[in-house]
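Colleague: Have a peek at target_12.cif (mmCIF, C-alpha atoms).
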```cif
data_coords
loop_
_atom_site.group_PDB
_atom_site.id
_atom_site.type_symbol
_atom_site.label_atom_id
_atom_site.label_comp_id
_atom_site.auth_asym_id
_atom_site.auth_seq_id
_atom_site.Cartn_x
_atom_site.Cartn_y
_atom_site.Cartn_z
ATOM 1 C CA MET Z 1 -78.007 10.888 77.528
ATOM 2 C CA LYS Z 2 -79.362 7.902 75.596
ATOM 3 C CA LYS Z 3 -76.629 8.328 73.024
ATOM 4 C CA LEU Z 4 -73.949 8.243 75.733
ATOM 5 C CA LEU Z 5 -75.487 5.136 77.269
ATOM 6 C CA ARG Z 6 -75.640 3.390 73.901
ATOM 7 C CA LEU Z 7 -71.993 4.251 73.166
ATOM 8 C CA SER Z 8 -70.955 2.989 76.607
ATOM 9 C CA ALA Z 9 -72.779 -0.298 76.061
ATOM 10 C CA ILE Z 10 -71.122 -0.822 72.679
ATOM 11 C CA ALA Z 11 -67.689 -0.004 74.116
ATOM 12 C CA GLY Z 12 -68.330 -2.486 76.933
ATOM 13 C CA MET Z 13 -69.139 -5.268 74.472
ATOM 14 C CA PHE Z 14 -65.901 -4.690 72.588
ATOM 15 C CA ALA Z 15 -63.949 -4.613 75.857
ATOM 16 C CA VAL Z 16 -65.207 -8.110 76.712
ATOM 17 C CA PHE Z 17 -63.969 -9.447 73.373
ATOM 18 C CA ALA Z 18 -60.608 -7.742 73.843
ATOM 19 C CA PHE Z 19 -59.797 -10.064 76.750
ATOM 20 C CA ALA Z 20 -60.437 -13.238 74.759
ATOM 21 C CA GLU Z 21 -57.345 -15.019 73.516
ATOM 22 C CA ASN Z 22 -56.746 -17.809 71.048
ATOM 23 C CA TYR Z 23 -55.096 -21.067 72.071
ATOM 24 C CA SER Z 24 -54.190 -23.947 69.774
ATOM 25 C CA GLY Z 25 -52.858 -27.310 70.808
ATOM 26 C CA ARG Z 26 -53.513 -30.953 71.426
ATOM 27 C CA LEU Z 27 -56.760 -31.848 73.168
ATOM 28 C CA LEU Z 28 -56.263 -34.327 76.017
ATOM 29 C CA ASP Z 29 -58.387 -36.368 78.419
ATOM 30 C CA ALA Z 30 -57.948 -34.575 81.776
ATOM 31 C CA THR Z 31 -59.123 -37.600 83.789
ATOM 32 C CA CYS Z 32 -56.367 -39.700 82.221
ATOM 33 C CA ILE Z 33 -53.829 -37.016 83.119
ATOM 34 C CA ASP Z 34 -55.059 -36.891 86.742
ATOM 35 C CA GLN Z 35 -54.820 -40.660 87.110
ATOM 36 C CA GLY Z 36 -51.416 -40.863 85.436
ATOM 37 C CA LYS Z 37 -52.595 -43.889 83.461
ATOM 38 C CA SER Z 38 -50.587 -43.156 80.380
ATOM 39 C CA LYS Z 39 -48.180 -40.706 78.831
ATOM 40 C CA ILE Z 40 -50.617 -40.490 75.918
ATOM 41 C CA CYS Z 41 -53.985 -39.220 77.094
ATOM 42 C CA ASP Z 42 -55.878 -38.802 73.837
ATOM 43 C CA PRO Z 43 -59.606 -38.236 74.345
ATOM 44 C CA THR Z 44 -62.020 -41.087 73.756
ATOM 45 C CA SER Z 45 -65.708 -41.081 72.944
ATOM 46 C CA THR Z 46 -66.382 -41.355 76.706
ATOM 47 C CA SER Z 47 -64.141 -38.435 77.753
ATOM 48 C CA THR Z 48 -65.939 -35.691 79.658
ATOM 49 C CA HIS Z 49 -63.078 -33.616 81.129
ATOM 50 C CA PHE Z 50 -60.492 -32.092 78.848
ATOM 51 C CA ALA Z 51 -57.210 -30.250 78.871
ATOM 52 C CA LEU Z 52 -55.294 -28.476 76.135
ATOM 53 C CA ASN Z 53 -51.544 -28.930 75.649
ATOM 54 C CA VAL Z 54 -50.231 -25.627 74.304
ATOM 55 C CA ASP Z 55 -46.493 -25.852 73.619
ATOM 56 C CA GLY Z 56 -45.942 -28.211 76.553
ATOM 57 C CA LYS Z 57 -48.122 -26.266 79.001
ATOM 58 C CA ILE Z 58 -51.321 -28.023 80.116
ATOM 59 C CA TYR Z 59 -54.483 -25.950 80.605
ATOM 60 C CA ARG Z 60 -57.702 -27.502 81.902
ATOM 61 C CA LEU Z 61 -60.985 -26.487 80.286
ATOM 62 C CA ASP Z 62 -63.776 -25.036 82.419
ATOM 63 C CA ASP Z 63 -67.108 -26.858 82.782
ATOM 64 C CA ALA Z 64 -68.653 -25.030 79.818
ATOM 65 C CA GLY Z 65 -65.531 -25.808 77.763
ATOM 66 C CA ASN Z 66 -65.782 -29.495 78.629
ATOM 67 C CA ALA Z 67 -69.387 -29.579 77.420
ATOM 68 C CA LYS Z 68 -68.430 -27.748 74.218
ATOM 69 C CA ALA Z 69 -65.520 -30.149 73.625
ATOM 70 C CA VAL Z 70 -67.778 -33.206 74.019
ATOM 71 C CA GLU Z 71 -70.192 -31.748 71.467
ATOM 72 C CA ALA Z 72 -67.402 -30.729 69.089
ATOM 73 C CA LEU Z 73 -65.914 -34.236 69.187
ATOM 74 C CA LYS Z 74 -69.300 -35.754 68.385
ATOM 75 C CA ASN Z 75 -69.673 -33.432 65.399
ATOM 76 C CA ARG Z 76 -66.223 -33.892 63.851
ATOM 77 C CA ALA Z 77 -66.471 -34.384 60.094
ATOM 78 C CA ASP Z 78 -64.352 -37.559 60.038
ATOM 79 C CA ARG Z 79 -66.453 -39.096 62.845
ATOM 80 C CA GLN Z 80 -69.690 -38.355 61.005
ATOM 81 C CA LYS Z 81 -68.596 -40.611 58.162
ATOM 82 C CA ASP Z 82 -67.887 -43.494 60.535
ATOM 83 C CA PRO Z 83 -68.739 -42.953 64.227
ATOM 84 C CA GLY Z 84 -66.757 -46.088 65.060
ATOM 85 C CA LEU Z 85 -63.463 -44.407 64.160
ATOM 86 C CA PRO Z 86 -61.167 -43.829 67.131
ATOM 87 C CA VAL Z 87 -60.737 -40.237 68.264
ATOM 88 C CA ASN Z 88 -56.911 -40.486 68.544
ATOM 89 C CA THR Z 89 -54.878 -37.290 68.290
ATOM 90 C CA VAL Z 90 -57.129 -34.257 68.280
ATOM 91 C CA THR Z 91 -55.982 -30.692 67.802
ATOM 92 C CA ALA Z 92 -58.185 -27.859 68.950
ATOM 93 C CA LYS Z 93 -58.481 -24.110 68.633
ATOM 94 C CA VAL Z 94 -59.936 -22.462 71.721
ATOM 95 C CA ASP Z 95 -61.134 -18.876 72.048
ATOM 96 C CA GLY Z 96 -61.337 -17.833 75.662
ATOM 97 C CA ALA Z 97 -59.539 -16.397 78.634
ATOM 98 C CA LYS Z 98 -56.913 -17.933 80.874
ATOM 99 C CA GLU Z 99 -57.674 -17.962 84.583
ATOM 100 C CA GLY Z 100 -54.610 -19.495 86.232
ATOM 101 C CA GLU Z 101 -54.322 -23.042 84.885
ATOM 102 C CA VAL Z 102 -57.899 -23.086 83.545
ATOM 103 C CA LEU Z 103 -59.192 -21.865 80.189
ATOM 104 C CA ARG Z 104 -62.617 -20.235 80.290
ATOM 105 C CA VAL Z 105 -63.856 -21.333 76.885
ATOM 106 C CA ASP Z 106 -65.963 -19.105 74.660
ATOM 107 C CA SER Z 107 -65.710 -21.412 71.641
ATOM 108 C CA ILE Z 108 -63.798 -24.503 70.582
ATOM 109 C CA GLU Z 109 -63.060 -26.004 67.174
ATOM 110 C CA VAL Z 110 -61.631 -29.509 66.946
ATOM 111 C CA GLN Z 111 -59.777 -30.952 63.961
#
```
Translate the structure described by the file into structure tokens.
Modeller:
Amino acid sequence: MKKLLRLSAIAGMFAVFAFAENYSGRLLDATCIDQGKSKICDPTSTSTHFALNVDGKIYRLDDAGNAKAVEALKNRADRQKDPGLPVNTVTAKVDGAKEGEVLRVDSIEVQ
């Protein structure tokens, strides 16, 4: 019985990872998009809400994804050399699941 339970638990863990997808695209400031301020909505050091442009389709990041994106932007290698550098165009790789127009982010890597 314990063996069956253990196998079921392991299978369940792998099933969760099977639903995760990879998305790559341009990271954008979602607040800028909402306000329609500019056609170019590159994130700034004060951005707190993000979206990802994947082949012309815009996906918003969930709350956890927004927090992870803020942290990832702070830790970018080129920003560590000179924190005063502008963020400008940022590409990102997101592992997560799509829920409508929102990406539930498991991890994010910015470049």
Colleague: Please define a box with edges along x, y and z of the file around all atoms of stretch 55-69 of chain Z given in the file, extend it by 6 Å on each side, and return its centre and edge lengths in Å to one decimal, as AutoDock Vina command-line options.
Modeller:
```
--center_x -57.7 --center_y -27.6 --center_z 78.2 --size_x 35.4 --size_y 17.1 --size_z 21.2
```
Colleague: Name the residues in contact with stretch 62-77 of chain Z at a cut-off of 12 Å, using all atoms listed in the file, excluding same-chain residues fewer than 6 positions from it; report them as a PyMOL selection string.
Modeller: chain Z and resi 27-31+42-52+83-111
Colleague: Grab the atom CA of Z:Asn53 to atom CA of Z:Gly25 distance for me, in Å with one decimal place.
Modeller: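 Value for the atom CA of Z:Asn53-atom CA of Z:Gly25 distance: 5.3 Å.
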Colleague: Name every residue that the PyMOL selection byres ((chain Z and resi 54) around 9) selects in this structure, writing the answer as a PDB file with C-alpha atoms, in the coordinates of the input with chains first and numbers rising.
Modeller:
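Wrote it out as part.pdb, contents follow:
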```pdb
ATOM      1  CA  TYR Z  23     -55.096 -21.067  72.071  1.00  0.00           C
ATOM      2  CA  SER Z  24     -54.190 -23.947  69.774  1.00  0.00           C
ATOM      3  CA  GLY Z  25     -52.858 -27.310  70.808  1.00  0.00           C
ATOM      4  CA  ARG Z  26     -53.513 -30.953  71.426  1.00  0.00           C
ATOM      5  CA  LEU Z  52     -55.294 -28.476  76.135  1.00  0.00           C
ATOM      6  CA  ASN Z  53     -51.544 -28.930  75.649  1.00  0.00           C
ATOM      7  CA  ASP Z  55     -46.493 -25.852  73.619  1.00  0.00           C
ATOM      8  CA  GLY Z  56     -45.942 -28.211  76.553  1.00  0.00           C
ATOM      9  CA  LYS Z  57     -48.122 -26.266  79.001  1.00  0.00           C
ATOM     10  CA  ILE Z  58     -51.321 -28.023  80.116  1.00  0.00           C
ATOM     11  CA  TYR Z  59     -54.483 -25.950  80.605  1.00  0.00           C
TER      12      TYR Z  59
END
```
